[in-house]
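As provided, entry-v1.txt (compact mmCIF, C-alpha atoms) reads as follows.
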```txt
# COMPACT_ATOMS: atom_id res chain seq x y z
CA MET W 83 0.00 0.00 0.00
CA GLU W 84 1.41 3.40 -0.97
CA PHE W 85 2.15 5.99 1.70
CA GLU W 86 -0.43 8.49 0.38
CA GLU W 87 -3.13 5.82 0.48
CA ILE W 88 -2.21 4.93 4.06
CA LYS W 89 -2.45 8.62 5.01
CA ARG W 90 -5.87 8.91 3.34
CA ILE W 91 -7.26 5.88 5.15
CA LEU W 92 -5.82 7.02 8.47
CA GLY W 93 -7.67 10.29 7.89
CA LEU W 94 -10.88 8.31 7.44
CA CYS W 95 -10.27 6.72 10.85
CA CYS W 96 -10.14 9.98 12.84
CA PHE W 97 -13.68 9.74 14.23
CA GLU W 98 -13.20 6.09 15.17
CA ASP W 99 -9.81 6.81 16.75
CA ASP W 100 -11.16 9.66 18.87
CA LEU W 101 -14.19 7.64 19.97
CA SER W 102 -11.93 4.73 20.87
CA ILE W 103 -9.85 7.03 23.08
CA MET W 104 -13.09 8.15 24.75
CA GLY W 105 -13.86 4.52 25.62
CA TYR W 106 -16.18 3.41 22.83
CA ARG W 107 -15.37 -0.11 21.68
CA THR W 108 -18.06 -1.17 19.20
CA ILE W 109 -18.62 1.64 16.70
CA ALA W 110 -21.27 1.09 14.03
CA GLY W 111 -21.19 3.00 10.77
CA ILE W 112 -24.46 3.24 8.88
CA ASP W 113 -25.45 4.52 5.46
CA GLU W 114 -28.22 4.11 2.90
CA VAL W 115 -28.49 3.81 -0.88
CA GLY W 116 -31.41 4.50 -3.20
CA ARG W 117 -32.99 7.68 -1.85
CA GLY W 118 -33.41 9.27 -5.27
CA SER W 119 -34.33 6.15 -7.17
CA LEU W 120 -37.75 5.91 -8.83
CA ALA W 121 -37.90 2.14 -8.35
CA GLY W 122 -36.66 -0.51 -5.97
CA PRO W 123 -36.06 -0.51 -2.23
CA LEU W 124 -34.19 1.88 -0.02
CA VAL W 125 -31.31 -0.18 1.38
CA ALA W 126 -29.35 0.60 4.53
CA ALA W 127 -26.30 -1.17 5.91
CA ALA W 128 -24.72 -1.11 9.36
CA VAL W 129 -21.12 -2.24 9.85
CA ILE W 130 -18.98 -2.65 12.96
CA LEU W 131 -15.40 -2.83 11.75
CA ASP W 132 -12.66 -4.79 13.48
CA ARG W 133 -10.19 -2.19 14.74
CA LYS W 134 -7.37 -4.65 14.16
CA LYS W 135 -8.29 -4.99 10.48
CA ILE W 136 -9.43 -1.45 9.72
CA LEU W 137 -6.94 -0.61 6.94
CA PHE W 138 -8.78 -1.69 3.81
CA GLU W 139 -6.88 -0.39 0.80
CA GLY W 140 -9.08 1.63 -1.53
CA ILE W 141 -12.02 2.00 0.86
CA ASP W 142 -13.97 5.18 0.12
CA ASP W 143 -17.44 6.57 -0.45
CA SER W 144 -19.17 3.94 -2.62
CA LYS W 145 -20.03 6.57 -5.27
CA LYS W 146 -16.34 7.27 -5.86
CA ILE W 147 -15.20 3.73 -6.70
CA SER W 148 -15.90 1.36 -9.58
CA GLU W 149 -18.40 -1.49 -9.45
CA LYS W 150 -15.58 -4.04 -9.59
CA ARG W 151 -13.80 -2.35 -6.70
CA ARG W 152 -17.02 -2.18 -4.68
CA GLU W 153 -17.58 -5.91 -5.12
CA TYR W 154 -14.03 -6.63 -3.98
CA LEU W 155 -14.34 -4.36 -0.94
CA TYR W 156 -17.78 -5.78 -0.10
CA ASP W 157 -16.24 -9.23 0.32
CA LEU W 158 -13.29 -7.81 2.24
CA ILE W 159 -15.52 -5.84 4.62
CA THR W 160 -18.10 -8.55 5.26
CA ASP W 161 -15.42 -11.23 5.74
CA ASN W 162 -13.31 -9.19 8.18
CA CYS W 163 -15.66 -6.94 10.16
CA ILE W 164 -17.01 -7.80 13.61
CA CYS W 165 -20.56 -7.86 12.28
CA TRP W 166 -22.74 -6.29 9.60
CA ALA W 167 -26.40 -6.14 8.65
CA VAL W 168 -28.65 -4.70 5.97
CA SER W 169 -32.27 -3.65 5.78
CA GLU W 170 -34.72 -2.90 2.97
CA ILE W 171 -37.64 -0.50 2.90
CA GLU W 172 -39.92 -1.42 0.03
CA PRO W 173 -41.35 1.11 -2.44
CA TYR W 174 -44.89 0.90 -1.03
CA GLU W 175 -43.51 1.73 2.42
CA ILE W 176 -41.65 4.76 1.04
CA ASP W 177 -44.89 5.90 -0.61
CA LYS W 178 -46.78 5.39 2.64
CA TYR W 179 -44.40 6.99 5.14
CA ASN W 180 -42.41 9.47 2.94
CA LEU W 181 -38.71 9.31 2.20
CA THR W 182 -37.43 10.92 5.41
CA LYS W 183 -39.32 8.52 7.66
CA ALA W 184 -38.39 5.59 5.42
CA ASN W 185 -34.72 6.57 5.75
CA ILE W 186 -34.90 6.51 9.55
CA MET W 187 -36.79 3.21 9.46
CA ALA W 188 -34.10 1.69 7.25
CA PHE W 189 -31.33 2.85 9.58
CA GLU W 190 -33.08 1.58 12.69
CA LYS W 191 -33.84 -1.78 11.09
CA ALA W 192 -30.23 -2.22 10.01
CA ILE W 193 -29.00 -1.43 13.53
CA GLY W 194 -31.62 -3.78 14.94
CA ASN W 195 -30.39 -6.55 12.65
CA LEU W 196 -26.84 -6.39 14.02
CA LYS W 197 -25.82 -9.36 16.17
CA ILE W 198 -23.80 -7.11 18.48
CA SER W 199 -25.05 -3.96 20.17
CA PRO W 200 -22.91 -0.93 19.19
CA ASP W 201 -21.70 1.53 21.80
CA ILE W 202 -22.30 4.40 19.36
CA ILE W 203 -23.60 4.87 15.83
CA LEU W 204 -21.94 7.01 13.17
CA ALA W 205 -24.54 8.03 10.59
CA ASP W 206 -24.32 9.92 7.33
CA HIS W 207 -26.24 13.10 8.24
CA VAL W 208 -29.27 11.26 9.67
CA ASN W 209 -30.06 10.81 13.36
CA VAL W 210 -31.01 7.30 14.42
CA LYS W 211 -33.39 7.06 17.35
CA GLY W 212 -32.22 3.58 18.30
CA ALA W 213 -33.81 0.21 17.71
CA SER W 214 -34.53 -2.91 19.70
CA SER W 215 -33.67 -6.48 18.84
CA GLY W 216 -35.35 -9.60 20.08
CA SER W 217 -32.00 -11.31 20.73
CA SER W 218 -29.82 -8.44 21.89
CA GLY W 219 -32.25 -6.12 23.66
CA GLU W 220 -32.31 -2.33 23.38
CA TYR W 221 -29.76 -0.64 21.13
CA PRO W 222 -28.40 2.73 22.20
CA ALA W 223 -30.00 5.89 20.89
CA GLU W 224 -26.65 7.69 20.97
CA CYS W 225 -25.76 8.68 17.44
CA LEU W 226 -23.18 10.98 15.90
CA SER W 227 -24.50 12.49 12.66
CA ILE W 228 -21.69 13.44 10.26
CA ILE W 229 -22.15 15.61 7.18
CA ARG W 230 -20.68 13.79 4.17
CA GLY W 231 -20.02 10.95 6.56
CA ASP W 232 -19.16 8.45 3.84
CA GLN W 233 -16.19 10.68 2.99
CA GLN W 234 -15.18 11.34 6.61
CA SER W 235 -15.57 8.01 8.44
CA VAL W 236 -14.19 4.60 7.48
CA SER W 237 -17.15 2.91 9.21
CA ILE W 238 -19.72 4.88 7.23
CA ALA W 239 -17.74 4.37 4.02
CA ALA W 240 -17.78 0.61 4.67
CA ALA W 241 -21.53 0.72 5.26
CA SER W 242 -22.06 2.70 2.05
CA ILE W 243 -20.23 0.01 0.06
CA VAL W 244 -22.21 -2.85 1.63
CA ALA W 245 -25.50 -1.00 1.03
CA LYS W 246 -24.60 -0.10 -2.57
CA VAL W 247 -23.53 -3.62 -3.57
CA THR W 248 -26.59 -5.13 -1.87
CA ARG W 249 -28.99 -2.79 -3.67
CA ASP W 250 -27.27 -3.12 -7.05
CA ARG W 251 -27.64 -6.90 -6.82
CA ILE W 252 -31.34 -6.51 -6.04
CA MET W 253 -31.88 -4.23 -9.03
CA LYS W 254 -30.00 -6.57 -11.36
CA LYS W 255 -32.41 -9.33 -10.34
CA MET W 256 -35.33 -6.97 -10.93
CA SER W 257 -34.03 -6.30 -14.44
CA ILE W 258 -34.72 -9.95 -15.29
CA VAL W 259 -38.33 -9.60 -14.13
CA PHE W 260 -38.80 -6.18 -15.77
CA PRO W 261 -36.34 -6.06 -18.72
CA GLU W 262 -38.02 -3.05 -20.37
CA TYR W 263 -36.71 -0.56 -17.78
CA GLY W 264 -32.97 -1.22 -17.89
CA PHE W 265 -32.65 -1.66 -14.13
CA GLU W 266 -29.36 -3.52 -14.57
CA LYS W 267 -27.84 -0.23 -15.74
CA ASN W 268 -29.86 2.57 -14.13
CA LYS W 269 -30.59 0.76 -10.82
CA GLY W 270 -34.00 2.40 -10.81
CA TYR W 271 -32.84 6.01 -11.19
CA GLY W 272 -34.55 8.35 -13.64
CA THR W 273 -32.43 7.95 -16.76
CA ARG W 274 -33.85 8.85 -20.18
CA ARG W 275 -34.47 5.20 -21.06
CA HIS W 276 -36.18 4.57 -17.74
CA LEU W 277 -38.47 7.58 -18.12
CA LEU W 278 -39.33 6.62 -21.70
CA SER W 279 -40.17 3.10 -20.54
CA LEU W 280 -42.43 4.51 -17.84
CA ARG W 281 -44.30 6.55 -20.45
CA LYS W 282 -44.67 3.47 -22.66
CA TYR W 283 -45.34 0.67 -20.15
CA GLY W 284 -46.36 2.46 -16.97
CA PRO W 285 -45.03 1.75 -13.47
CA THR W 286 -44.37 -1.72 -12.07
CA ASN W 287 -45.07 -2.89 -8.53
CA ILE W 288 -41.51 -1.90 -7.53
CA HIS W 289 -41.91 1.73 -8.60
CA ARG W 290 -42.42 4.52 -6.07
CA VAL W 291 -45.65 6.03 -7.31
CA SER W 292 -45.36 9.04 -4.99
CA PHE W 293 -42.18 10.15 -6.76
CA ARG W 294 -42.33 12.78 -9.47
CA GLY W 295 -41.86 11.29 -12.91
CA VAL W 296 -43.33 7.87 -12.16
CA LEU W 297 -46.98 8.63 -12.91
CA ASN W 298 -46.52 11.85 -14.89
```

Starting from the file, lay out its structure as structure tokens.
Amino acid sequence: MEFEEIKRILGLCCFEDDLSIMGYRTIAGIDEVGRGSLAGPLVAAAVILDRKKILFEGIDDSKKISEKRREYLYDLITDNCICWAVSEIEPYEIDKYNLTKANIMAFEKAIGNLKISPDIILADHVNVKGASSGSSGEYPAECLSIIRGDQQSVSIAAASIVAKVTRDRIMKKMSIVFPEYGFEKNKGYGTRRHLLSLRKYGPTNIHRVSFRGVLN
């Protein structure tokens, strides 16, 4: 690993390092993917990294790295972290509750799906109220909301990669069911082809009908 890359990753670890000094041991990063999509679920991921294995070369905000790199890092993260979990909020739930509430639901469900209770949650600009789990009991409500968190925290960056890869795989499967919309390429976002397909074929049962551009 080159020196500049080591420096960059160490910079991503500043929040985790400071929290560790303050006594926090299990730090969960959480992020979501799919907020602006016209179709498919909102997917959130929560990751508790192993502090002894935190230097993952190339880790970054999922939007900044290639699909091939994301797939590689997904395996590296999920194989070496302490624990991880994902959650999905379906399109009809987003339509019912609105996007902001759906985002919080996704975060809380992902935290609730973790096998280990985190001491603190690092979230990408969204406050998590805390969630309960049948096996682990009440999760802490304490949450540190970080603006552009996926570019500032290695834990949030890891969560963004896990969420992105998970959702992309879902949308690729949906492209087989609904080949007219090009989900394997646009992942449900409002590209020209997707919008033209909506005008021609109408929305499917995985479209968010409350979103502008889906019905009109």

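Of the listed residues W:Val129, W:Ile258, W:Leu196, W:Ile176, the one whose atoms come nearest to Phe293 of chain W is W:Ile176, with distances taken using all atoms listed in the file.
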
As a check of understanding: the span from atom CA of Gly284 of chain W to atom CA of Glu175 of chain W is 19.6 Å

As a count of residues only, please: the residues near Ser279 of chain W (cut-off 9 Å, all atoms listed in the file, same-chain neighbours under 6 positions excluded). 4

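Our summary of the geometry notes that atom CA of Phe85 of chain W is positioned 25.9 Å from atom CA of Val244 of chain W.
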
Of W:Ser102, W:Ser119, W:Asn298, W:Ser242, the one nearest to Leu181 of chain W when counting only C-alpha atoms is W:Ser119

A straight line from atom CA of Ile164 of chain W to atom CA of Glu86 of chain W spans 26.7 Å

So which residues touch Thr182 of chain W within 12 Å, counting all atoms listed in the file, skipping near sequence neighbours fewer than 5 positions away, as a short mmCIF file (atom, residue, chain, number, x, y, z; two decimals) with C-alpha atoms, keeping the file's coordinate frame?
```cif
data_model
loop_
_atom_site.label_atom_id
_atom_site.label_comp_id
_atom_site.auth_asym_id
_atom_site.auth_seq_id
_atom_site.Cartn_x
_atom_site.Cartn_y
_atom_site.Cartn_z
CA GLU W 114 -28.22 4.11 2.90
CA ARG W 117 -32.99 7.68 -1.85
CA GLY W 118 -33.41 9.27 -5.27
CA LEU W 124 -34.19 1.88 -0.02
CA ILE W 171 -37.64 -0.50 2.90
CA GLU W 175 -43.51 1.73 2.42
CA ILE W 176 -41.65 4.76 1.04
CA ASP W 177 -44.89 5.90 -0.61
CA MET W 187 -36.79 3.21 9.46
CA ALA W 188 -34.10 1.69 7.25
CA PHE W 189 -31.33 2.85 9.58
CA HIS W 207 -26.24 13.10 8.24
CA VAL W 208 -29.27 11.26 9.67
CA ASN W 209 -30.06 10.81 13.36
CA VAL W 210 -31.01 7.30 14.42
#
```

key: Close residues, Ile238 of chain W itself excluded, 7 Å, all atoms listed in the file, min 5 positions apart in chain, as a ChimeraX atom specification   = /W:111-113,204-206,231-232

Please work out which residues fall within 12 Å of (-15.1, -10.0, 6.5), coordinates as given in the file, with only C-alpha atoms counting, and return them as a short mmCIF file (atom, residue, chain, number, x, y, z; two decimals) with C-alpha atoms, in the frame of the given file.
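Output file part-v9.cif is given in full below:
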```
data_model
loop_
_atom_site.label_atom_id
_atom_site.label_comp_id
_atom_site.auth_asym_id
_atom_site.auth_seq_id
_atom_site.Cartn_x
_atom_site.Cartn_y
_atom_site.Cartn_z
CA VAL W 129 -21.12 -2.24 9.85
CA ILE W 130 -18.98 -2.65 12.96
CA LEU W 131 -15.40 -2.83 11.75
CA ASP W 132 -12.66 -4.79 13.48
CA LYS W 135 -8.29 -4.99 10.48
CA ILE W 136 -9.43 -1.45 9.72
CA PHE W 138 -8.78 -1.69 3.81
CA TYR W 154 -14.03 -6.63 -3.98
CA LEU W 155 -14.34 -4.36 -0.94
CA TYR W 156 -17.78 -5.78 -0.10
CA ASP W 157 -16.24 -9.23 0.32
CA LEU W 158 -13.29 -7.81 2.24
CA ILE W 159 -15.52 -5.84 4.62
CA THR W 160 -18.10 -8.55 5.26
CA ASP W 161 -15.42 -11.23 5.74
CA ASN W 162 -13.31 -9.19 8.18
CA CYS W 163 -15.66 -6.94 10.16
CA ILE W 164 -17.01 -7.80 13.61
CA CYS W 165 -20.56 -7.86 12.28
CA TRP W 166 -22.74 -6.29 9.60
CA ALA W 240 -17.78 0.61 4.67
CA VAL W 244 -22.21 -2.85 1.63
#
```

> So which residues fall inside 10 Å of (-12.7, 10.5, 12.6) if we count only C-alpha atoms? Mind giving them as a VMD selection string?
Replying inline: chain W and resid 92 to 101 204 228 231 234 to 237

If you keep C-alpha atoms, can you produce a file of those selected residues as a PDB file, keeping the file's coordinate frame?
```pdb
ATOM      1  CA  LEU W  92      -5.820   7.020   8.470  1.00  0.00           C
ATOM      2  CA  GLY W  93      -7.670  10.290   7.890  1.00  0.00           C
ATOM      3  CA  LEU W  94     -10.880   8.310   7.440  1.00  0.00           C
ATOM      4  CA  CYS W  95     -10.270   6.720  10.850  1.00  0.00           C
ATOM      5  CA  CYS W  96     -10.140   9.980  12.840  1.00  0.00           C
ATOM      6  CA  PHE W  97     -13.680   9.740  14.230  1.00  0.00           C
ATOM      7  CA  GLU W  98     -13.200   6.090  15.170  1.00  0.00           C
ATOM      8  CA  ASP W  99      -9.810   6.810  16.750  1.00  0.00           C
ATOM      9  CA  ASP W 100     -11.160   9.660  18.870  1.00  0.00           C
ATOM     10  CA  LEU W 101     -14.190   7.640  19.970  1.00  0.00           C
ATOM     11  CA  LEU W 204     -21.940   7.010  13.170  1.00  0.00           C
ATOM     12  CA  ILE W 228     -21.690  13.440  10.260  1.00  0.00           C
ATOM     13  CA  GLY W 231     -20.020  10.950   6.560  1.00  0.00           C
ATOM     14  CA  GLN W 234     -15.180  11.340   6.610  1.00  0.00           C
ATOM     15  CA  SER W 235     -15.570   8.010   8.440  1.00  0.00           C
ATOM     16  CA  VAL W 236     -14.190   4.600   7.480  1.00  0.00           C
ATOM     17  CA  SER W 237     -17.150   2.910   9.210  1.00  0.00           C
TER      18      SER W 237
END
```

Val291 of chain W proximity check over W:Leu226, W:Val168, W:Val115, W:Leu120, using all atoms listed in the file: winner is W:Leu120

Quick one: 8 Å padding each side, axis-aligned, all listed atoms of segment 83-97 of chain W - centre and edge lengths in Å to one decimal, as JSON?
```
{"center_x": -5.8, "center_y": 5.1, "center_z": 6.6, "size_x": 31.8, "size_y": 26.3, "size_z": 31.2}
```

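When all atoms listed in the file are used to measure the gap to Met253 of chain W, the shortest distance among W:Gly270, W:Pro173, W:Gly295, W:Gly116 belongs to W:Gly270.
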
Model the absent atoms of segment 242-275 of chain W so that N, CA and C atoms are present, and write the result as a tab-separated table (two decimals), in the frame of the given file.
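Written file, out25.tsv:
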```tsv
chain	number	residue	atom	x	y	z
W	242	SER	N	-21.57	2.23	3.36
W	242	SER	CA	-22.06	2.70	2.05
W	242	SER	C	-21.76	1.68	0.96
W	243	ILE	N	-20.60	1.02	1.06
W	243	ILE	CA	-20.23	0.01	0.06
W	243	ILE	C	-21.12	-1.22	0.20
W	244	VAL	N	-21.35	-1.68	1.42
W	244	VAL	CA	-22.21	-2.85	1.63
W	244	VAL	C	-23.63	-2.56	1.16
W	245	ALA	N	-24.15	-1.36	1.46
W	245	ALA	CA	-25.50	-1.00	1.03
W	245	ALA	C	-25.59	-0.90	-0.49
W	246	LYS	N	-24.59	-0.28	-1.12
W	246	LYS	CA	-24.60	-0.10	-2.57
W	246	LYS	C	-24.54	-1.43	-3.30
W	247	VAL	N	-23.65	-2.32	-2.90
W	247	VAL	CA	-23.53	-3.62	-3.57
W	247	VAL	C	-24.81	-4.43	-3.37
W	248	THR	N	-25.35	-4.40	-2.15
W	248	THR	CA	-26.59	-5.13	-1.87
W	248	THR	C	-27.73	-4.65	-2.76
W	249	ARG	N	-27.89	-3.33	-2.86
W	249	ARG	CA	-28.99	-2.79	-3.67
W	249	ARG	C	-28.77	-3.04	-5.16
W	250	ASP	N	-27.55	-2.88	-5.63
W	250	ASP	CA	-27.27	-3.12	-7.05
W	250	ASP	C	-27.61	-4.56	-7.43
W	251	ARG	N	-27.32	-5.50	-6.54
W	251	ARG	CA	-27.64	-6.90	-6.82
W	251	ARG	C	-29.16	-7.11	-6.88
W	252	ILE	N	-29.88	-6.43	-6.01
W	252	ILE	CA	-31.34	-6.51	-6.04
W	252	ILE	C	-31.88	-5.99	-7.37
W	253	MET	N	-31.37	-4.84	-7.81
W	253	MET	CA	-31.88	-4.23	-9.03
W	253	MET	C	-31.50	-5.02	-10.27
W	254	LYS	N	-30.37	-5.70	-10.24
W	254	LYS	CA	-30.00	-6.57	-11.36
W	254	LYS	C	-30.98	-7.74	-11.47
W	255	LYS	N	-31.40	-8.27	-10.33
W	255	LYS	CA	-32.41	-9.33	-10.34
W	255	LYS	C	-33.74	-8.81	-10.86
W	256	MET	N	-34.08	-7.57	-10.47
W	256	MET	CA	-35.33	-6.97	-10.93
W	256	MET	C	-35.31	-6.72	-12.44
W	257	SER	N	-34.13	-6.53	-13.00
W	257	SER	CA	-34.03	-6.30	-14.44
W	257	SER	C	-34.42	-7.54	-15.24
W	258	ILE	N	-34.29	-8.69	-14.63
W	258	ILE	CA	-34.72	-9.95	-15.29
W	258	ILE	C	-36.23	-10.04	-15.32
W	259	VAL	N	-36.86	-9.58	-14.22
W	259	VAL	CA	-38.33	-9.60	-14.13
W	259	VAL	C	-38.94	-8.51	-14.99
W	260	PHE	N	-38.29	-7.34	-15.02
W	260	PHE	CA	-38.80	-6.18	-15.77
W	260	PHE	C	-37.73	-5.69	-16.74
W	261	PRO	N	-37.46	-6.41	-17.82
W	261	PRO	CA	-36.34	-6.06	-18.72
W	261	PRO	C	-36.53	-4.75	-19.47
W	262	GLU	N	-37.77	-4.25	-19.56
W	262	GLU	CA	-38.02	-3.05	-20.37
W	262	GLU	C	-37.40	-1.78	-19.76
W	263	TYR	N	-37.08	-1.80	-18.48
W	263	TYR	CA	-36.71	-0.56	-17.78
W	263	TYR	C	-35.20	-0.36	-17.63
W	264	GLY	N	-34.42	-1.36	-17.97
W	264	GLY	CA	-32.97	-1.22	-17.89
W	264	GLY	C	-32.43	-1.09	-16.48
W	265	PHE	N	-33.07	-1.76	-15.53
W	265	PHE	CA	-32.65	-1.66	-14.13
W	265	PHE	C	-31.21	-2.12	-13.90
W	266	GLU	N	-30.73	-3.03	-14.76
W	266	GLU	CA	-29.36	-3.52	-14.57
W	266	GLU	C	-28.34	-2.41	-14.78
W	267	LYS	N	-28.74	-1.35	-15.49
W	267	LYS	CA	-27.84	-0.23	-15.74
W	267	LYS	C	-28.20	0.99	-14.90
W	268	ASN	N	-29.49	1.34	-14.83
W	268	ASN	CA	-29.86	2.57	-14.13
W	268	ASN	C	-30.17	2.37	-12.65
W	269	LYS	N	-30.31	1.10	-12.24
W	269	LYS	CA	-30.59	0.76	-10.82
W	269	LYS	C	-31.84	1.46	-10.30
W	270	GLY	N	-32.74	1.80	-11.21
W	270	GLY	CA	-34.00	2.40	-10.81
W	270	GLY	C	-34.02	3.92	-10.84
W	271	TYR	N	-32.89	4.54	-11.14
W	271	TYR	CA	-32.84	6.01	-11.19
W	271	TYR	C	-33.45	6.51	-12.50
W	272	GLY	N	-33.77	7.79	-12.53
W	272	GLY	CA	-34.55	8.35	-13.64
W	272	GLY	C	-33.74	8.70	-14.87
W	273	THR	N	-33.14	7.72	-15.50
W	273	THR	CA	-32.43	7.95	-16.76
W	273	THR	C	-33.44	8.16	-17.89
W	274	ARG	N	-32.96	8.61	-19.03
W	274	ARG	CA	-33.85	8.85	-20.18
W	274	ARG	C	-34.58	7.58	-20.59
W	275	ARG	N	-33.82	6.46	-20.67
W	275	ARG	CA	-34.47	5.20	-21.06
W	275	ARG	C	-35.54	4.79	-20.05
```
